[in-house]
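Worksheet for the structure shown next.
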Amino acid sequence: MTDFAATRAMFDLPVGVAYLDGNSLGPMARKVPDRVQRAIREEWGEGLIASWNDAGWMALPDRLGDRIAPLIGVSPGTVTTGDTLSIKVYQALAAGLALKPGRRTILSDSGNFPTDLYMVEGLIRTLDRGHRLKTPPPEEVADHLSEDVAILMLTEVDYRTGRRHDMADLVARARALGIVTIWDVAHSAGALPVDAARTSVDFVVGCTYKFLNSGPGGPAFIHVREGLADRIEPALAGWLGHAAPFDFDTAYRPADAVRRLRVGTPPVLQMAALDAAMDVWDIASIHDVRARALELSERLIAGVEAACPGLALASPREGARRGSQVSFRHPRGYAVMQALIARGVVGDFRAPDILRFGITPLYLGEAEIDRCVATLAEVLDRRLWDDPAYAARAAVT
Ligand SMILES: *Cc1c(COP(=O)(O)O)cnc(C)c1O
């Protein structure tokens, strides 16, 4: 059983803050500053260019991929890190479409994160071959699977409501129809077990700055199913995805397997932060994290429903159908969240009316959940949100 007191001790959170926003930006692990400082002072400052070899900088993207692999249920050597999630989505889409030249439909859902959908639309315009994007409501995706669909691309957990797709079921149905599958685990990786190898999903993409706590601008990751990776042609054929980058050959030859989805120079300092943040998984089990998150989520839902009649649950009530966040609706949601944050309980807001709370047992327990409920009740009962200071929207909500 995971010792959650020990995992909590690995994070450095400001005193007096109940942080329920780790689904958006994970907090800093205590080891991160030293690890990044070492990368700056010793590896860069003293080692200079030799550190590409001596400090293992060039191997970082794949080494970190190997650390992420168990959390998404895949073997080492099938995940690489780098770039941002938007780029990894684009790479998976372009590779997937090339595998299905006769099919014209890309199926996603209307709740997907906008950048994933923008990437589809941009690629469709670039290819100019008559592809189209279909985005039915999430509950109806299965009804739209057909042999005209080239790619099914879904984000497992909805970033606003926390609604969770049934991965095993949807991927199996899609595979039976010869559809390429892309699974975005931005809100799953580090929050709940993802069984990617067993479901035989073709591509898994995700980011590390949410539940994996790599810090702002941390790298994304991509997994390609074993057996498929050697068949795909990278659309972004970068020099570091070449079989022999330092041959400086003008003819592109892809590297083995998932390594061909590396593009350019890795963000070494961000990767040092991710490396330190991943140490918590040496003592934490993702299965225990999931079980504890469900307990804490139930506690939050029950507490809010008892104490805050003005809030409506926006997340599925059934735990298995939810990711690791709980959302509520309120017509003045933005101001309510600002009032809450001013009182040391940090969640966030998503337009038009969603209050989001990330449930992250690595560093959150019952005390923070209870404080969140009590503070929310006070803000609503006393209309503390009704203050002009809480109405002006900042650029990042
Ligand atoms: C957070 C998130 C992103 C962010 O993409 P970046 O390129 O890393 O900014 C993309 N897709 C989903 C589903 C997300 O939740």
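Going by the structure tokens order, chains are called A, B, ..., each with residues numbered from 1, while ligands are numbered from 1 in the order shown.
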
Nearby residues (only C-alpha atoms) at most 10 Å from region 68-71 of chain A, same-chain spacing under 3 positions excluded, as a PyMOL selection string:
chain A and resi 62-65+74-81+188-196+208+212+221-223+278+281+285-287

Dump the neighbourhood of ligand 1 as a compact mmCIF listing (two decimals) with all heavy atoms, in the first residue's frame: all residues within 9 Å, distances computed on only C-alpha atoms and all ligand atoms.
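The result, written out as pocket.txt:
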```
# COMPACT_ATOMS: atom_id res chain seq x y z
N ASN A 23 -4.47 19.06 -11.53
CA ASN A 23 -4.90 18.57 -12.84
C ASN A 23 -4.55 19.58 -13.94
O ASN A 23 -4.63 19.27 -15.12
CB ASN A 23 -6.42 18.34 -12.84
CG ASN A 23 -7.19 19.56 -12.39
OD1 ASN A 23 -6.84 20.18 -11.38
ND2 ASN A 23 -8.21 19.95 -13.12
N SER A 24 -4.17 20.78 -13.54
CA SER A 24 -3.85 21.83 -14.51
C SER A 24 -2.35 22.12 -14.52
O SER A 24 -1.72 22.16 -15.57
CB SER A 24 -4.65 23.09 -14.16
OG SER A 24 -4.73 23.94 -15.25
N ASP A 83 8.78 18.14 -27.03
CA ASP A 83 7.79 19.02 -27.67
C ASP A 83 6.61 19.27 -26.73
O ASP A 83 6.72 19.06 -25.53
CB ASP A 83 7.32 18.40 -29.01
CG ASP A 83 8.50 17.93 -29.85
OD1 ASP A 83 9.33 18.77 -30.19
OD2 ASP A 83 8.61 16.71 -30.10
N THR A 84 5.49 19.71 -27.30
CA THR A 84 4.28 19.91 -26.49
C THR A 84 3.25 18.89 -26.96
O THR A 84 3.39 18.29 -28.02
CB THR A 84 3.70 21.32 -26.66
OG1 THR A 84 3.15 21.41 -27.99
CG2 THR A 84 4.76 22.40 -26.46
N LEU A 85 2.21 18.77 -26.19
CA LEU A 85 1.18 17.79 -26.54
C LEU A 85 0.55 18.11 -27.90
O LEU A 85 0.26 17.20 -28.67
CB LEU A 85 0.12 17.75 -25.42
CG LEU A 85 -1.06 16.82 -25.62
CD1 LEU A 85 -0.65 15.43 -26.05
CD2 LEU A 85 -1.88 16.75 -24.34
N SER A 86 0.35 19.38 -28.20
CA SER A 86 -0.22 19.73 -29.51
C SER A 86 0.60 19.10 -30.63
O SER A 86 0.05 18.55 -31.59
CB SER A 86 -0.26 21.25 -29.68
OG SER A 86 -0.94 21.87 -28.63
N ILE A 87 1.92 19.17 -30.52
CA ILE A 87 2.81 18.61 -31.55
C ILE A 87 2.68 17.08 -31.60
O ILE A 87 2.65 16.48 -32.68
CB ILE A 87 4.28 18.98 -31.25
CG1 ILE A 87 4.47 20.50 -31.21
CG2 ILE A 87 5.24 18.34 -32.25
CD1 ILE A 87 4.29 21.19 -32.51
N LYS A 88 2.59 16.46 -30.45
CA LYS A 88 2.50 15.00 -30.41
C LYS A 88 1.17 14.54 -31.01
O LYS A 88 1.10 13.49 -31.65
CB LYS A 88 2.69 14.47 -28.98
CG LYS A 88 4.12 14.70 -28.44
CD LYS A 88 5.16 14.16 -29.41
CE LYS A 88 6.59 14.31 -29.04
NZ LYS A 88 7.50 14.31 -30.21
N VAL A 89 0.11 15.31 -30.77
CA VAL A 89 -1.19 15.01 -31.39
C VAL A 89 -1.05 15.08 -32.92
O VAL A 89 -1.49 14.19 -33.64
CB VAL A 89 -2.27 16.02 -30.89
CG1 VAL A 89 -3.51 15.97 -31.76
CG2 VAL A 89 -2.62 15.74 -29.43
N ASN A 112 -13.79 17.48 -26.77
CA ASN A 112 -12.33 17.37 -26.74
C ASN A 112 -11.69 18.74 -26.51
O ASN A 112 -12.27 19.78 -26.79
CB ASN A 112 -11.81 16.76 -28.05
CG ASN A 112 -10.48 16.04 -27.86
OD1 ASN A 112 -9.79 16.27 -26.87
ND2 ASN A 112 -10.12 15.21 -28.81
N PHE A 113 -10.48 18.70 -26.03
CA PHE A 113 -9.72 19.93 -25.78
C PHE A 113 -9.47 20.63 -27.12
O PHE A 113 -9.06 19.98 -28.08
CB PHE A 113 -8.40 19.55 -25.12
CG PHE A 113 -7.66 20.70 -24.49
CD1 PHE A 113 -7.92 21.07 -23.18
CD2 PHE A 113 -6.71 21.38 -25.20
CE1 PHE A 113 -7.23 22.13 -22.59
CE2 PHE A 113 -6.01 22.44 -24.62
CZ PHE A 113 -6.28 22.82 -23.31
N PRO A 114 -9.71 21.94 -27.20
CA PRO A 114 -9.65 22.60 -28.51
C PRO A 114 -8.37 22.35 -29.30
O PRO A 114 -8.43 22.13 -30.51
CB PRO A 114 -9.82 24.08 -28.15
CG PRO A 114 -10.65 24.06 -26.91
CD PRO A 114 -10.21 22.84 -26.15
N THR A 115 -7.22 22.35 -28.67
CA THR A 115 -6.00 22.23 -29.47
C THR A 115 -5.97 20.90 -30.23
O THR A 115 -5.50 20.85 -31.38
CB THR A 115 -4.73 22.42 -28.60
OG1 THR A 115 -3.63 22.80 -29.43
CG2 THR A 115 -4.32 21.17 -27.84
N ASP A 116 -6.49 19.84 -29.66
CA ASP A 116 -6.52 18.54 -30.36
C ASP A 116 -7.34 18.66 -31.64
O ASP A 116 -6.96 18.13 -32.69
CB ASP A 116 -7.12 17.45 -29.45
CG ASP A 116 -6.27 17.18 -28.20
OD1 ASP A 116 -5.83 18.14 -27.56
OD2 ASP A 116 -6.04 16.00 -27.88
N LEU A 117 -8.47 19.37 -31.55
CA LEU A 117 -9.33 19.54 -32.72
C LEU A 117 -8.71 20.51 -33.72
O LEU A 117 -8.79 20.30 -34.93
CB LEU A 117 -10.72 20.03 -32.29
CG LEU A 117 -11.44 19.11 -31.29
CD1 LEU A 117 -12.78 19.71 -30.88
CD2 LEU A 117 -11.66 17.71 -31.88
N LEU A 154 -9.54 10.40 -29.26
CA LEU A 154 -10.31 10.86 -28.10
C LEU A 154 -9.38 11.23 -26.96
O LEU A 154 -8.29 10.66 -26.82
CB LEU A 154 -11.26 9.76 -27.62
CG LEU A 154 -12.39 9.39 -28.58
CD1 LEU A 154 -13.16 8.19 -28.03
CD2 LEU A 154 -13.34 10.57 -28.79
N THR A 155 -9.84 12.17 -26.15
CA THR A 155 -9.18 12.42 -24.87
C THR A 155 -9.98 11.66 -23.82
O THR A 155 -11.20 11.82 -23.74
CB THR A 155 -9.14 13.93 -24.57
OG1 THR A 155 -8.38 14.56 -25.60
CG2 THR A 155 -8.52 14.19 -23.22
N GLU A 156 -9.30 10.81 -23.09
CA GLU A 156 -10.01 9.90 -22.19
C GLU A 156 -10.86 10.66 -21.17
O GLU A 156 -12.01 10.32 -20.95
CB GLU A 156 -9.00 9.01 -21.45
CG GLU A 156 -9.69 8.04 -20.49
CD GLU A 156 -8.74 6.97 -19.95
OE1 GLU A 156 -7.52 7.18 -20.01
OE2 GLU A 156 -9.23 5.94 -19.49
N VAL A 157 -10.27 11.68 -20.54
CA VAL A 157 -10.98 12.41 -19.48
C VAL A 157 -11.24 13.84 -19.94
O VAL A 157 -10.31 14.55 -20.34
CB VAL A 157 -10.15 12.41 -18.18
CG1 VAL A 157 -10.84 13.24 -17.11
CG2 VAL A 157 -9.94 10.98 -17.67
N ASP A 158 -12.50 14.23 -19.90
CA ASP A 158 -12.91 15.57 -20.32
C ASP A 158 -12.35 16.62 -19.36
O ASP A 158 -12.53 16.52 -18.15
CB ASP A 158 -14.44 15.63 -20.31
CG ASP A 158 -14.98 16.95 -20.84
OD1 ASP A 158 -14.72 18.01 -20.22
OD2 ASP A 158 -15.67 16.92 -21.85
N TYR A 159 -11.67 17.62 -19.93
CA TYR A 159 -10.98 18.60 -19.09
C TYR A 159 -11.94 19.47 -18.30
O TYR A 159 -11.55 20.08 -17.31
CB TYR A 159 -10.03 19.47 -19.94
CG TYR A 159 -10.73 20.43 -20.86
CD1 TYR A 159 -10.83 21.79 -20.55
CD2 TYR A 159 -11.31 19.99 -22.04
CE1 TYR A 159 -11.48 22.67 -21.39
CE2 TYR A 159 -11.97 20.87 -22.87
CZ TYR A 159 -12.05 22.20 -22.55
OH TYR A 159 -12.70 23.07 -23.38
N ASP A 184 -5.64 10.34 -26.03
CA ASP A 184 -4.98 11.44 -25.34
C ASP A 184 -5.19 11.26 -23.83
O ASP A 184 -6.34 11.25 -23.36
CB ASP A 184 -5.56 12.78 -25.83
CG ASP A 184 -4.79 13.97 -25.31
OD1 ASP A 184 -4.26 13.90 -24.18
OD2 ASP A 184 -4.74 15.00 -26.01
N VAL A 185 -4.09 11.10 -23.12
CA VAL A 185 -4.17 10.84 -21.68
C VAL A 185 -3.69 12.04 -20.85
O VAL A 185 -3.18 11.87 -19.74
CB VAL A 185 -3.40 9.55 -21.30
CG1 VAL A 185 -4.04 8.33 -21.96
CG2 VAL A 185 -1.92 9.64 -21.69
N ALA A 186 -3.88 13.25 -21.38
CA ALA A 186 -3.45 14.46 -20.67
C ALA A 186 -3.98 14.47 -19.23
O ALA A 186 -3.27 14.88 -18.32
CB ALA A 186 -3.93 15.71 -21.42
N HIS A 187 -5.23 14.03 -19.06
CA HIS A 187 -5.84 14.05 -17.73
C HIS A 187 -5.94 12.67 -17.11
O HIS A 187 -6.69 12.46 -16.16
CB HIS A 187 -7.22 14.72 -17.80
CG HIS A 187 -7.15 16.17 -18.14
ND1 HIS A 187 -7.01 17.14 -17.18
CD2 HIS A 187 -7.11 16.81 -19.32
CE1 HIS A 187 -6.91 18.32 -17.77
NE2 HIS A 187 -6.98 18.14 -19.07
N VAL A 205 -0.88 9.74 -26.42
CA VAL A 205 -0.17 11.01 -26.26
C VAL A 205 -0.59 11.65 -24.94
O VAL A 205 -1.71 11.43 -24.47
CB VAL A 205 -0.47 11.98 -27.43
CG1 VAL A 205 0.12 11.47 -28.73
CG2 VAL A 205 -1.97 12.22 -27.59
N GLY A 206 0.30 12.42 -24.36
CA GLY A 206 -0.07 13.07 -23.10
C GLY A 206 0.93 14.15 -22.73
O GLY A 206 1.96 14.32 -23.39
N CYS A 207 0.62 14.88 -21.67
CA CYS A 207 1.54 15.91 -21.21
C CYS A 207 1.99 15.56 -19.79
O CYS A 207 1.43 14.68 -19.14
CB CYS A 207 0.92 17.30 -21.28
SG CYS A 207 -0.69 17.44 -20.49
N THR A 208 3.01 16.24 -19.31
CA THR A 208 3.61 15.87 -18.02
C THR A 208 3.45 16.96 -16.96
O THR A 208 3.79 16.72 -15.81
CB THR A 208 5.12 15.57 -18.17
OG1 THR A 208 5.78 16.75 -18.64
CG2 THR A 208 5.37 14.43 -19.13
N TYR A 209 2.94 18.13 -17.34
CA TYR A 209 2.88 19.21 -16.35
C TYR A 209 1.60 19.18 -15.53
O TYR A 209 1.44 19.99 -14.62
CB TYR A 209 3.05 20.60 -17.01
CG TYR A 209 2.17 20.79 -18.23
CD1 TYR A 209 0.84 21.13 -18.09
CD2 TYR A 209 2.68 20.63 -19.51
CE1 TYR A 209 0.02 21.30 -19.19
CE2 TYR A 209 1.89 20.80 -20.62
CZ TYR A 209 0.55 21.12 -20.46
OH TYR A 209 -0.24 21.26 -21.56
N LYS A 210 0.67 18.24 -15.85
CA LYS A 210 -0.55 18.12 -15.06
C LYS A 210 -0.28 17.12 -13.91
O LYS A 210 0.41 17.46 -12.96
CB LYS A 210 -1.71 17.73 -15.97
CG LYS A 210 -2.05 18.86 -16.95
CD LYS A 210 -3.05 18.51 -18.03
CE LYS A 210 -3.27 19.70 -18.95
NZ LYS A 210 -3.89 19.34 -20.23
N GLY A 217 5.55 24.20 -18.87
CA GLY A 217 6.31 23.97 -20.10
C GLY A 217 7.00 22.63 -20.17
O GLY A 217 7.79 22.37 -21.08
N GLY A 218 6.70 21.74 -19.23
CA GLY A 218 7.30 20.39 -19.25
C GLY A 218 6.95 19.66 -20.55
O GLY A 218 5.96 19.97 -21.19
N PRO A 219 7.78 18.69 -20.94
CA PRO A 219 7.61 18.04 -22.25
C PRO A 219 6.39 17.12 -22.31
O PRO A 219 5.92 16.65 -21.28
CB PRO A 219 8.89 17.21 -22.40
CG PRO A 219 9.28 16.89 -20.99
CD PRO A 219 8.92 18.11 -20.19
N ALA A 220 5.94 16.87 -23.52
CA ALA A 220 4.87 15.90 -23.75
C ALA A 220 5.48 14.53 -24.00
O ALA A 220 6.70 14.38 -24.01
CB ALA A 220 4.04 16.34 -24.95
```

Running DSSP on the backbone, which parts of region 238-360 of chain A land in strand (DSSP E or B), as a ChimeraX atom specification?
/A:242,254,312-313,322,325-329,345-346,348-350,354-358

Nearest-residue call for Phe4 (chain A), choices A:Leu236, A:Ala257, A:Val345, A:Leu362, using only C-alpha atoms:
A:Leu362

Could you pull out all residues of region 55-293 of chain A with a DSSP call of helix (DSSP H, G or I) and give them as a VMD selection string?
chain A and resid 57 to 72 85 to 99 114 to 127 138 to 144 167 to 176 196 to 199 229 to 231 239 to 241 245 to 247 257 to 261 268 to 282 286 to 293
